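Below: one structure, written as structure tokens.
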Amino acid sequence: MLQAINRLQASRDLLDHAPKAVSRQGSIDLRNVQKVYPNGYVATEDVTLHIPGGSFFTLLGPSGCGKTTLLRIIAGFEEPSAGGVLISGRSIIGVPAYRRPVNTVFQSYVLFPHLNVYQNVEFGLRMRHMKATQRKHKVTDMLDSMQLGTLAKHFPNQLSGGQKQRVALARALVNEPELLLLDEPLSALDAKLRRELQVELLRLQKSIGTTFLFVTHDQQEAMIMSDQIGIMQQGRLQQVGKVHEVYERPKNIFVARFLGLPNIIRRESLTHTPTLPSAIRHITVHPERITFSHGAGHAAANILNGVVRERLYMGAHTDYVVAVENFPDLLVSDSSPNHRSRETGSGVRLVIQASDIVPLEG
Amino acid sequence: MGITATALSNDANRRPRVRGGYASAPGLLWIALFLVLPTFLFLPIAITSTNPYGLPALPLTLHALRAVAGFNFLGWSAANIQIIFRSLWQGVVTTIVSLIVAYPVAFFIAKSKNYIKPLLLVLIILPSWTNQVVRAYAWMELLGPNAFLSHMAVYFGWIDQDMGLYPSPLAVFIGLVYSYLPYMVIPIFAALEGLDWSLTEAAADLYAHPLRIFFQVILPQTMGGVLVGVVLVLIPSFSNYIIPELMGGNKSLMLGNLIANQFSTTPDWPYGASLSITLIFISFILLAGLKLLTKFIRMIDGPML
């Protein structure tokens with residue numbers, strides 16, 4: 001599976017260098033999008049975002065952060081209170097949902113219960129008045145490529161969660177949309193199936209080249225699948241960028257916490273830091289960047305003395321929770337050959353290089 | 001797979017059905033004593049001869065049943081067949097009009113704010129707390145020759161000068177639709193309440209404009225409620241006799257009125273019993289037909305025949 005992901009990573013890198021004209025098809029531009037409900041609740045506040053065509057973009061955030069609202073605005077189920085929305089460079093404000101070149105995979109699938117699998121997949125083509133022979137051809141092809149051929153005559157209540165998920169995907173993709181919206185489509189599935197479908201989805205997206213806008217609250221899922229991620233909180237985009245950029249350089253405390261980076265340290269606790277703007281009050285260091293010292297002689301590094309509080313053996317590496325005076329507990333991830341060797345209660349010296357320090361806003 | 005699904009649903013239904021059997025025993029007893037038993041009494045009465053007072057007498061004969069089919073001492077006449085078809089027509093038109101009127105009403109109520117729904121439902125049901133005869137008289141006033149509606153109809157040239165909208169076949173249909181509308185609204189409302197409205201979003205997402213969303217998604221999903229409404233309106237309006245009696249102006253005899261006559265004005269119990277059996281038989285066929293129809297409609301949730 002890792003190999004598959006690596007291969008996909010390679011093809012993703014190729015896509016990054018795709019010419020601009022190509023990436024315009026299926027691109028999304030949100031310009032100062034705001035959504036305020038009549039009761040005064042602000043779902044999204046001034047969101048501006050460009051998603052290049054053909055990419056896999058994930059909106060990541062806790063529930064209630066406004067990511068689903070953004071998706072619904074793009075799909076046409078809700079109108080923004082202010083701001084502009086463009087798909088493939090064309091404004092879609094005021095265009096009803098049924099005329100948008102967009103299809104959605106819903107969180108709870110929302111398959112038509114009175115139609116069988118074949119009829120569900122056929123629905124969009126039928127609504128667009130495609131000729132019967134052409135329709136049959138397309139639906140059959142789509143069912144086969146999704147391994148749903150044998151289930152064509154089944155009704156939704158006879159399908160398993162994973163099968164429903166594939167039908168929902170087939171029903172959307174058969175229309176060859178410029179843009180596919182996915183609203184936490186994997187959240188109802190168990191972990192193993194979920195992992196499989198993540199890889200399947202990613203492979204599919206790369207092979208058809210449609211823009212995927214994926215919404216999830218699972219940061220691991222977001223990191224595995226996306227070309228770019230946008231992290232949202234309380235209706236605002238906190239940070240947008242390539243997955244590794246966001247992970248390596250989280251912009252603020254919220255992003256760092258949400259991506260599972262626990263070491264949030266007050267700036268003045270460390271003596272050796274890179275030159276930082278004066279507004280920065282907190283910094284973080286990735287657990288895998290903190291090392292254990294075996295002797296003296298670290299000139300421009302921070303040396304901290306601490307005690308191992310907990311040892312969390314993870315197989316490929318070991319996480320240590322280290323208590324250091326005047327610091328919050330630090331998480332140190334060790335993947336060196338003897339990573340399991342430190343006992344709970346033993347004293348350790350930690351080394352934090354100035355170059356590994358990431359400043360955090362807020 | 002279809003068999004498995006049916007087996008499963010049967011399994012799920014079995015237990016509550018048994019428990020419900022005990023609880024509904026008093027009701028069943030009541031129905032058996034005062035509805036089923038008297039109805040079965042019609043069977044022997046239908047094959048008796050008539051005494052001079054119109055009451056059943058010996059010897060047994062098929063005379064009354066033959067009379068229903070149109071045979072009497074003057075030979076065969078199509079009068080009864082016409083009456084039966086006229087009554088069926090009365091039921092079918094009432095049902096179709098009720099459906100067309102009731103669906104938007106049910107839709108409106110289902111889409112209303114939750115706190116206002118009970119009020120709207122009560123407003124729909126409230127008129128049926130009044131006796132049907134009283135309501136018929138109210139309509140007679142409203143549609144009478146000197147009422148506003150009749151003047152309007154004269155003005156537009158729909159009816160002749162000094163004529164009223166009542167009495168007429170139109171008045172009968174108005175009265176019937178008015179009487180049975182709640183029985184159409186309530187089951188459709190119940191079906192709409194059980195509808196997963198996100199399906200309409202999914203349909204819009206798949207290029208269905210509002211009208212097609214209604215006919216492709218909402219209507220099929222609520223077909224169970226529609227059929228329940230059709231049964232509740234079709235069968236009683238087919239056999240109704242009060243409204244045609246009061247509002248039809250004695251111009252066109254309906255099956256219900258014909259039966260009533262055999263037990264009141266011109267007594268002939270065996271003939272009346274035979275007609276009643278015919279009416280029950282036709283109602284049963286209608287019910288069976290509608291039940292068969294539900295088999296062709298795949299229903300997941302909501303009310304069901």
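Naming works like this for the structure tokens: A, B, ... for the chains as they're shown, residue 1 at the start of each chain, ligands 1 onward in shown order.
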
Residues of chain A at most 9 Å from chain B: nearest atom pair and distance in Å, only C-alpha atoms, as JSON lines:
```
{"residue": "A:Ala75", "atom": "CA", "partner": "B:Asp205", "partner_atom": "CA", "distance": 7.1}
{"residue": "A:Gly76", "atom": "CA", "partner": "B:Asp205", "partner_atom": "CA", "distance": 8.1}
{"residue": "A:Phe77", "atom": "CA", "partner": "B:Glu201", "partner_atom": "CA", "distance": 7.1}
{"residue": "A:Pro96", "atom": "CA", "partner": "B:Ala204", "partner_atom": "CA", "distance": 8.4}
{"residue": "A:Ala97", "atom": "CA", "partner": "B:Ala204", "partner_atom": "CA", "distance": 5.8}
{"residue": "A:Tyr98", "atom": "CA", "partner": "B:Tyr207", "partner_atom": "CA", "distance": 3.9}
{"residue": "A:Arg99", "atom": "CA", "partner": "B:Tyr207", "partner_atom": "CA", "distance": 6.1}
{"residue": "A:Arg100", "atom": "CA", "partner": "B:Tyr207", "partner_atom": "CA", "distance": 7.9}
{"residue": "A:Pro101", "atom": "CA", "partner": "B:Tyr207", "partner_atom": "CA", "distance": 9.0}
{"residue": "A:Val102", "atom": "CA", "partner": "B:Asp205", "partner_atom": "CA", "distance": 7.2}
{"residue": "A:Asn103", "atom": "CA", "partner": "B:Asp205", "partner_atom": "CA", "distance": 5.8}
{"residue": "A:Thr104", "atom": "CA", "partner": "B:Asp205", "partner_atom": "CA", "distance": 6.6}
{"residue": "A:Val105", "atom": "CA", "partner": "B:Ala202", "partner_atom": "CA", "distance": 8.7}
{"residue": "A:Phe106", "atom": "CA", "partner": "B:Ala202", "partner_atom": "CA", "distance": 8.0}
{"residue": "A:Tyr109", "atom": "CA", "partner": "B:Ala202", "partner_atom": "CA", "distance": 8.9}
{"residue": "A:Val110", "atom": "CA", "partner": "B:Leu199", "partner_atom": "CA", "distance": 5.8}
{"residue": "A:Leu111", "atom": "CA", "partner": "B:Leu199", "partner_atom": "CA", "distance": 7.3}
{"residue": "A:Phe112", "atom": "CA", "partner": "B:Leu199", "partner_atom": "CA", "distance": 6.7}
{"residue": "A:Pro113", "atom": "CA", "partner": "B:Ile300", "partner_atom": "CA", "distance": 6.7}
{"residue": "A:His114", "atom": "CA", "partner": "B:Arg298", "partner_atom": "CA", "distance": 5.7}
{"residue": "A:Leu115", "atom": "CA", "partner": "B:Arg298", "partner_atom": "CA", "distance": 8.3}
{"residue": "A:Phe123", "atom": "CA", "partner": "B:Leu206", "partner_atom": "CA", "distance": 6.9}
{"residue": "A:Gly124", "atom": "CA", "partner": "B:Leu206", "partner_atom": "CA", "distance": 4.5}
{"residue": "A:Leu125", "atom": "CA", "partner": "B:Leu206", "partner_atom": "CA", "distance": 8.0}
{"residue": "A:Arg126", "atom": "CA", "partner": "B:Tyr207", "partner_atom": "CA", "distance": 9.0}
{"residue": "A:Met127", "atom": "CA", "partner": "B:Ala208", "partner_atom": "CA", "distance": 5.5}
{"residue": "A:Arg128", "atom": "CA", "partner": "B:Tyr207", "partner_atom": "CA", "distance": 6.5}
{"residue": "A:His154", "atom": "CA", "partner": "B:Met1", "partner_atom": "CA", "distance": 8.0}
{"residue": "A:Asn157", "atom": "CA", "partner": "B:Ile300", "partner_atom": "CA", "distance": 8.5}
{"residue": "A:Gln158", "atom": "CA", "partner": "B:Ala5", "partner_atom": "CA", "distance": 7.8}
{"residue": "A:Arg171", "atom": "CA", "partner": "B:Leu206", "partner_atom": "CA", "distance": 8.5}
{"residue": "A:Ala172", "atom": "CA", "partner": "B:Leu206", "partner_atom": "CA", "distance": 7.5}
{"residue": "A:Asn175", "atom": "CA", "partner": "B:Leu206", "partner_atom": "CA", "distance": 8.2}
```

Would you list the contacts of range 31-46 of chain B as a count of residues only, taking every protein, DNA or RNA residue within 10 Å and counting only C-alpha atoms, but skipping same-chain residues closer than 4 positions in sequence?
24

Env of Ser98 in chain B: 6 Å cut, atoms = only C-alpha atoms, seq-sep filter 3 positions within chain, self excluded. Answer as a compact mmCIF listing (two decimals) with N, CA and C atoms, in the first residue's frame.
```txt
# COMPACT_ATOMS: atom_id res chain seq x y z
N THR B 94 -63.98 11.86 -7.97
CA THR B 94 -63.77 12.41 -6.63
C THR B 94 -62.34 12.14 -6.16
N THR B 95 -61.87 10.91 -6.40
CA THR B 95 -60.53 10.53 -5.96
C THR B 95 -59.46 11.35 -6.67
N VAL B 101 -56.05 18.19 -5.32
CA VAL B 101 -56.19 19.26 -4.33
C VAL B 101 -55.36 18.96 -3.09
N ALA B 102 -55.36 17.68 -2.67
CA ALA B 102 -54.77 17.33 -1.38
C ALA B 102 -53.24 17.37 -1.39
N VAL B 177 -65.75 15.72 -2.74
CA VAL B 177 -64.33 16.09 -2.58
C VAL B 177 -64.15 16.77 -1.23
N LEU B 181 -61.67 15.00 1.47
CA LEU B 181 -60.34 15.60 1.34
C LEU B 181 -59.40 15.27 2.51
```

Range 4-186 of chain A: residues DSSP assigns to strand (DSSP E), reported as a VMD selection string:
chain A and resid 28 to 36 42 to 51 56 to 60 82 to 87 90 to 91 102 to 105 179 to 183
